[in-house]
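A.B. asks: Sharing input36.tsv, TSV, C-alpha atoms and all ligand atoms:
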```
chain	number	residue	atom	x	y	z
C	1108	LEU	CA	19.20	-1.45	-11.60
C	1109	SER	CA	18.38	2.15	-12.33
C	1110	PRO	CA	20.57	4.75	-10.64
C	1111	ARG	CA	17.40	6.26	-9.22
C	1112	LEU	CA	16.82	3.14	-7.23
C	1113	ARG	CA	20.26	2.08	-6.16
C	1114	GLY	CA	20.10	1.89	-2.38
C	1115	CYS	CA	16.93	3.91	-1.95
C	1116	ASN	CA	13.81	2.61	-0.27
C	1117	LEU	CA	10.71	1.83	-2.26
C	1118	TYR	CA	7.19	2.59	-1.03
C	1119	PHE	CA	4.15	1.01	-2.65
C	1120	ILE	CA	0.95	3.03	-2.38
C	1121	GLY	CA	-2.53	2.44	-3.76
C	1122	MET	CA	-5.96	1.18	-2.84
C	1123	MET	CA	-6.64	-1.89	-0.78
C	1124	GLY	CA	-6.57	-4.93	-3.02
C	1125	SER	CA	-4.24	-3.35	-5.56
C	1126	GLY	CA	-1.62	-6.00	-4.74
C	1127	LYS	CA	0.91	-3.83	-2.88
C	1128	SER	CA	1.94	-6.60	-0.48
C	1129	THR	CA	2.26	-9.46	-2.96
C	1130	VAL	CA	3.88	-7.32	-5.62
C	1131	GLY	CA	6.11	-5.52	-3.10
C	1132	ASP	CA	7.41	-8.82	-1.79
C	1133	LEU	CA	8.14	-10.06	-5.33
C	1134	VAL	CA	9.86	-6.81	-6.31
C	1135	ALA	CA	12.03	-6.96	-3.15
C	1136	ARG	CA	13.12	-10.49	-4.10
C	1137	ARG	CA	13.92	-9.44	-7.64
C	1138	MET	CA	16.06	-6.60	-6.37
C	1139	GLY	CA	18.19	-9.03	-4.41
C	1140	THR	CA	19.42	-7.15	-1.40
C	1141	TYR	CA	16.14	-5.55	-0.38
C	1142	ASN	CA	13.89	-6.61	2.51
C	1143	PHE	CA	10.14	-6.43	2.30
C	1144	LEU	CA	7.99	-4.80	5.02
C	1145	ASP	CA	4.25	-4.31	5.23
C	1146	THR	CA	2.86	-1.55	7.48
C	1147	ASP	CA	-0.40	-3.45	8.11
C	1148	THR	CA	1.46	-6.61	9.17
C	1149	ILE	CA	3.80	-4.68	11.49
C	1150	LEU	CA	0.82	-2.89	13.03
C	1151	GLU	CA	-1.05	-6.17	13.53
C	1152	ARG	CA	1.96	-7.72	15.27
C	1153	ALA	CA	2.45	-4.71	17.50
C	1154	ALA	CA	-1.24	-4.54	18.41
C	1155	GLY	CA	-1.66	-8.28	18.77
C	1156	MET	CA	-4.86	-7.93	16.74
C	1157	SER	CA	-5.96	-8.07	13.12
C	1158	ILE	CA	-6.67	-4.81	11.25
C	1159	PRO	CA	-10.47	-5.33	11.44
C	1160	GLU	CA	-10.10	-5.92	15.19
C	1161	VAL	CA	-8.08	-2.70	15.59
C	1162	PHE	CA	-10.79	-0.75	13.74
C	1163	GLU	CA	-13.44	-2.38	15.90
C	1164	ALA	CA	-11.68	-1.90	19.23
C	1165	GLU	CA	-9.97	1.47	18.73
C	1166	GLY	CA	-11.63	3.14	15.74
C	1167	GLU	CA	-10.17	4.48	12.50
C	1168	GLU	CA	-8.43	7.55	13.95
C	1169	ALA	CA	-6.43	5.46	16.44
C	1170	PHE	CA	-5.54	3.11	13.58
C	1171	ARG	CA	-4.28	6.07	11.49
C	1172	VAL	CA	-2.10	7.29	14.37
C	1173	ALA	CA	-0.63	3.80	14.86
C	1174	GLU	CA	-0.07	3.45	11.11
C	1175	ALA	CA	1.88	6.73	11.02
C	1176	GLN	CA	4.01	5.49	13.93
C	1177	VAL	CA	4.79	2.31	12.04
C	1178	LEU	CA	5.92	4.36	9.03
C	1179	ASP	CA	8.09	6.49	11.33
C	1180	SER	CA	9.74	3.37	12.68
C	1181	VAL	CA	10.44	1.72	9.32
C	1182	HIS	CA	11.54	4.62	7.17
C	1183	ALA	CA	14.99	4.88	8.80
C	1184	HIS	CA	15.90	1.40	7.54
C	1185	VAL	CA	17.84	1.05	4.33
C	1186	ARG	CA	17.11	-1.09	1.31
C	1187	ILE	CA	13.52	-1.87	2.10
C	1188	VAL	CA	10.45	-2.26	-0.03
C	1189	VAL	CA	7.42	-1.16	1.97
C	1190	SER	CA	3.80	-1.93	1.27
C	1191	THR	CA	1.64	0.78	2.88
C	1192	GLY	CA	-2.00	0.62	3.97
C	1193	GLY	CA	-4.29	2.18	1.35
C	1194	GLY	CA	-5.21	5.21	3.45
C	1195	LEU	CA	-1.72	6.12	4.67
C	1196	VAL	CA	-1.25	8.67	1.88
C	1197	MET	CA	-4.00	10.87	3.33
C	1198	ARG	CA	-1.88	12.15	6.23
C	1199	ASN	CA	0.43	14.96	5.19
C	1200	GLN	CA	3.03	14.04	7.80
C	1201	ASN	CA	3.42	10.61	6.21
C	1202	TRP	CA	4.61	12.17	2.96
C	1203	SER	CA	7.78	13.48	4.56
C	1204	LYS	CA	8.71	9.83	5.22
C	1205	LEU	CA	7.50	8.48	1.88
C	1206	GLN	CA	9.51	11.11	0.04
C	1207	THR	CA	12.76	9.83	1.56
C	1208	GLY	CA	12.37	6.95	-0.91
C	1209	LEU	CA	10.84	6.24	-4.29
C	1210	VAL	CA	7.04	6.06	-4.26
C	1211	VAL	CA	5.28	3.63	-6.60
C	1212	TYR	CA	1.50	3.81	-7.16
C	1213	LEU	CA	-0.25	0.63	-8.21
C	1214	LYS	CA	-3.23	1.94	-10.14
C	1215	VAL	CA	-6.18	-0.43	-10.51
C	1216	ASP	CA	-9.82	0.25	-11.42
C	1217	PRO	CA	-12.28	-0.18	-8.54
C	1218	GLU	CA	-14.23	-2.77	-10.59
C	1219	VAL	CA	-11.10	-4.93	-10.90
C	1220	ILE	CA	-10.28	-4.47	-7.21
C	1221	MET	CA	-13.78	-5.63	-6.24
C	1222	LYS	CA	-13.18	-8.97	-7.95
C	1223	ARG	CA	-9.80	-9.39	-6.26
C	1224	ILE	CA	-10.88	-8.69	-2.71
C	1225	GLU	CA	-14.00	-10.83	-2.66
C	1226	GLY	CA	-14.17	-12.75	0.58
C	1227	THR	CA	-11.54	-10.70	2.43
C	1228	ASP	CA	-12.33	-8.59	5.47
C	1229	ARG	CA	-11.87	-4.87	4.73
C	1230	PRO	CA	-13.37	-2.75	7.50
C	1231	LEU	CA	-13.86	0.30	5.29
C	1232	LEU	CA	-15.94	-1.71	2.82
C	1233	GLN	CA	-18.52	-2.94	5.33
C	1234	THR	CA	-21.18	-0.86	3.58
C	1235	ASP	CA	-24.36	-1.54	1.61
C	1236	ASN	CA	-22.58	-0.90	-1.66
C	1237	PRO	CA	-18.85	-1.77	-1.40
C	1238	LEU	CA	-18.15	-0.95	-5.07
C	1239	GLU	CA	-19.60	2.53	-4.66
C	1240	THR	CA	-17.56	3.00	-1.46
C	1241	LEU	CA	-14.43	1.87	-3.24
C	1242	GLN	CA	-15.11	4.27	-6.14
C	1243	LYS	CA	-15.67	7.14	-3.72
C	1244	LEU	CA	-12.49	6.38	-1.75
C	1245	THR	CA	-10.48	6.08	-4.96
C	1246	GLU	CA	-11.76	9.48	-6.08
C	1247	GLU	CA	-10.97	11.08	-2.70
C	1248	ARG	CA	-7.45	9.68	-2.67
C	1249	LYS	CA	-6.64	10.10	-6.35
C	1250	GLU	CA	-4.73	13.34	-5.95
C	1251	ARG	CA	-2.53	11.86	-3.22
C	1252	TYR	CA	-1.82	8.66	-5.10
C	1253	GLU	CA	-0.85	10.70	-8.13
C	1254	GLN	CA	1.93	12.34	-6.13
C	1255	ALA	CA	3.88	9.08	-6.58
C	1256	ASP	CA	7.19	9.14	-8.46
C	1257	VAL	CA	6.10	6.21	-10.61
C	1258	THR	CA	2.60	5.03	-11.55
C	1259	VAL	CA	2.14	1.43	-12.66
C	1260	GLU	CA	-1.22	0.71	-14.27
C	1261	ILE	CA	-2.61	-2.74	-13.68
C	1262	GLU	CA	-5.02	-4.23	-16.21
C	1263	GLU	CA	-7.49	-6.97	-15.46
C	1264	GLY	CA	-5.96	-10.41	-15.92
C	1265	MET	CA	-2.36	-9.42	-15.19
C	1266	SER	CA	-0.66	-11.87	-12.84
C	1267	VAL	CA	1.32	-10.63	-9.83
C	1268	GLU	CA	4.48	-11.65	-11.68
C	1269	ASP	CA	3.41	-9.49	-14.65
C	1270	VAL	CA	2.84	-6.56	-12.32
C	1271	ALA	CA	6.18	-7.06	-10.54
C	1272	ASP	CA	7.94	-7.16	-13.94
C	1273	LYS	CA	6.19	-3.97	-14.98
C	1274	CYS	CA	7.27	-2.28	-11.72
C	1275	VAL	CA	10.89	-3.32	-12.06
C	1276	ARG	CA	10.94	-2.07	-15.67
C	1277	ALA	CA	9.44	1.24	-14.60
C	1278	LEU	CA	12.02	1.92	-11.89
C	1301	LIG	C1	-7.10	0.65	4.35
C	1301	LIG	C2	-6.41	-0.34	3.70
C	1301	LIG	C3	-5.93	-1.56	4.38
C	1301	LIG	C4	-5.77	-1.32	5.88
C	1301	LIG	C5	-7.02	-0.74	6.45
C	1301	LIG	C6	-7.40	0.59	5.81
C	1301	LIG	C7	-7.54	1.85	3.61
C	1301	LIG	O1	-4.67	-1.91	3.85
C	1301	LIG	O2	-4.69	-0.49	6.14
C	1301	LIG	O3	-8.04	-1.69	6.27
C	1301	LIG	O4	-7.84	2.87	4.23
C	1301	LIG	O5	-7.55	1.78	2.36
C	1301	LIG	P1	-4.41	-2.51	2.37
C	1301	LIG	O6	-4.36	-1.35	1.45
C	1301	LIG	O7	-3.10	-3.18	2.51
C	1301	LIG	O8	-5.52	-3.46	2.12
```
Take the structure in the file and write it out as structure tokens.

C.D. replies:
Amino acid sequence: LSPRLRGCNLYFIGMMGSGKSTVGDLVARRMGTYNFLDTDTILERAAGMSIPEVFEAEGEEAFRVAEAQVLDSVHAHVRIVVSTGGGLVMRNQNWSKLQTGLVVYLKVDPEVIMKRIEGTDRPLLQTDNPLETLQKLTEERKERYEQADVTVEIEEGMSVEDVADKCVRAL
């Protein structure tokens, strides 16, 4: 394992549908002594509701506050791989936590993401033109995602194992 990584936490950032959770879990397994955590899953358990239900009941701003609290609570753990919700990078305060570890950006084209998230419930994509919304969000967040320590580009057709391998090699 690279000296950069030995013992430090790993944070996956990137758009919804970029594979942060599946890849993060695989990478944690490959690293042996790391545990995997997902901010969306922790938030859902704490709220007793799904993410779409939280958006519906409380609105996006309340979701963002809760998401930041989840990050606060996990970042003190050691040897964790964390998958973060796609919009978490937009709050400046969250970066002080992310920067305590190594930040990995999973970069995927919106067109490829659209194919991967078909049939899943993403509250921010409940619009007339989900691809256009995804392109707009990607553009708005680009600068933040590019603050990552490591960027891993995902091409269409790569399996999650391929992506996990590419991440581990890049660390
Ligand atoms: C969001 C991404 C979702 C979830 C929420 C908002 C976003 O997480 O946090 O729907 O703003 O991009 P994933 O990136 O895990 O899908």

A.B. asks: Applying 12 Å and all atoms listed in the file, which residues near C:Thr1227 remain after dropping the ones on its own chain fewer than 6 positions away? List them as a ChimeraX atom specification.

C.D. replies: /C:1123-1124,1158-1159,1220-1221,1233

A.B. asks: Within 7 Å of ligand LIG 1301 (chain C), counting all atoms listed in the file, which protein or nucleic acid residues do you find, written as a VMD selection string?

C.D. replies: chain C and resid 1121 to 1124 1127 to 1128 1147 1158 to 1159 1191 to 1195 1229 to 1231

A.B. asks: How many Å separate atom CA of C:Glu1218 from atom CA of C:Asp1272?

C.D. replies: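 Atom CA of C:Asp1272 lies 22.8 Å from atom CA of C:Glu1218.
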
A.B. asks: Could you give me, as an MDAnalysis selection string, the residues that have an atom at most 8 Å away from the point (12.9, -1.0, -10.7) in the coordinates of the file, using all atoms listed in the file?

C.D. replies: chainID C and resid 1108:1109 1112 1134 1138 1274:1278

A.B. asks: What does the distance between atom CA of C:Val1259 and atom CA of C:Gln1206 come to in Å, to one decimal place?

C.D. replies: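 These atoms are spaced 17.6 Å apart.
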
A.B. asks: Around (-6.9, 0.0, 14.7) in the file's own coordinates, what residues are found within 10 Å if you use all atoms listed in the file, given back as a ChimeraX atom specification?

C.D. replies: /C:1147,1150-1151,1154,1156-1174

A.B. asks: For atom CA of C:Arg1198 and atom CA of C:Gln1254, quote the distance in Å rounded to one decimal.

C.D. replies: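 Distance reported for this atom pair: 12.9 Å.
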
A.B. asks: My list of candidates is C:Gln1200, C:Thr1258, C:Ser1125, C:Asn1116. Which is closest to C:Thr1140 when distances are computed with all atoms listed in the file?

C.D. replies: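 Closest candidate: C:Asn1116.
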
A.B. asks: For C:Gly1208, list every protein, DNA or RNA residue within 7 Å, evaluated using all atoms listed in the file, and leave out those in the same chain fewer than 5 positions away; present the list as a list in words.

C.D. replies: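 So the residues in contact are Cys1115, Asn1116, Leu1117 and Tyr1118 of chain C.
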
A.B. asks: Would you mind telling me which residue in C:Val1211, C:Trp1202, C:Leu1241, C:His1182 lies nearest to C:Ala1255 when using all atoms listed in the file?

C.D. replies: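 Among the listed residues, the smallest separation from C:Ala1255 belongs to C:Val1211.
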
A.B. asks: Go through C:Ile1224, C:Val1215, C:Leu1232, C:Val1196 and flag the residue nearest C:Ile1261, using all atoms listed in the file for the distances.

C.D. replies: C:Val1215

A.B. asks: Given the choices C:Val1188, C:Met1265, C:Met1197, C:Val1257, which gets closest to C:Thr1245 if the distance is worked out from only C-alpha atoms?

C.D. replies: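 Selected residue with least distance to C:Thr1245: C:Met1197.
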
A.B. asks: Could you tell me which of C:Leu1205, C:Leu1178, C:Val1189, C:Ala1183 comes closest to C:Tyr1141 if we count all atoms listed in the file?

C.D. replies: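 Of all the options, C:Val1189 lies closest to C:Tyr1141.
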
A.B. asks: Just checking: using only C-alpha atoms, which residue out of C:Leu1144, C:Val1177, C:Ile1149, C:Leu1244 ends up closest to C:Val1130?

C.D. replies: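 Going through C:Leu1144, C:Val1177, C:Ile1149, C:Leu1244 one by one, the smallest distance to C:Val1130 is for C:Leu1144.
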
A.B. asks: Contacts of C:Asn1142 at 9 Å or less, counting only C-alpha atoms, minus same-chain residues fewer than 4 places along, as a list in words?

C.D. replies: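 The neighbour list is Asp1132, Ala1135, Arg1136, Val1185, Arg1186, Ile1187, Val1188 and Val1189 of chain C.
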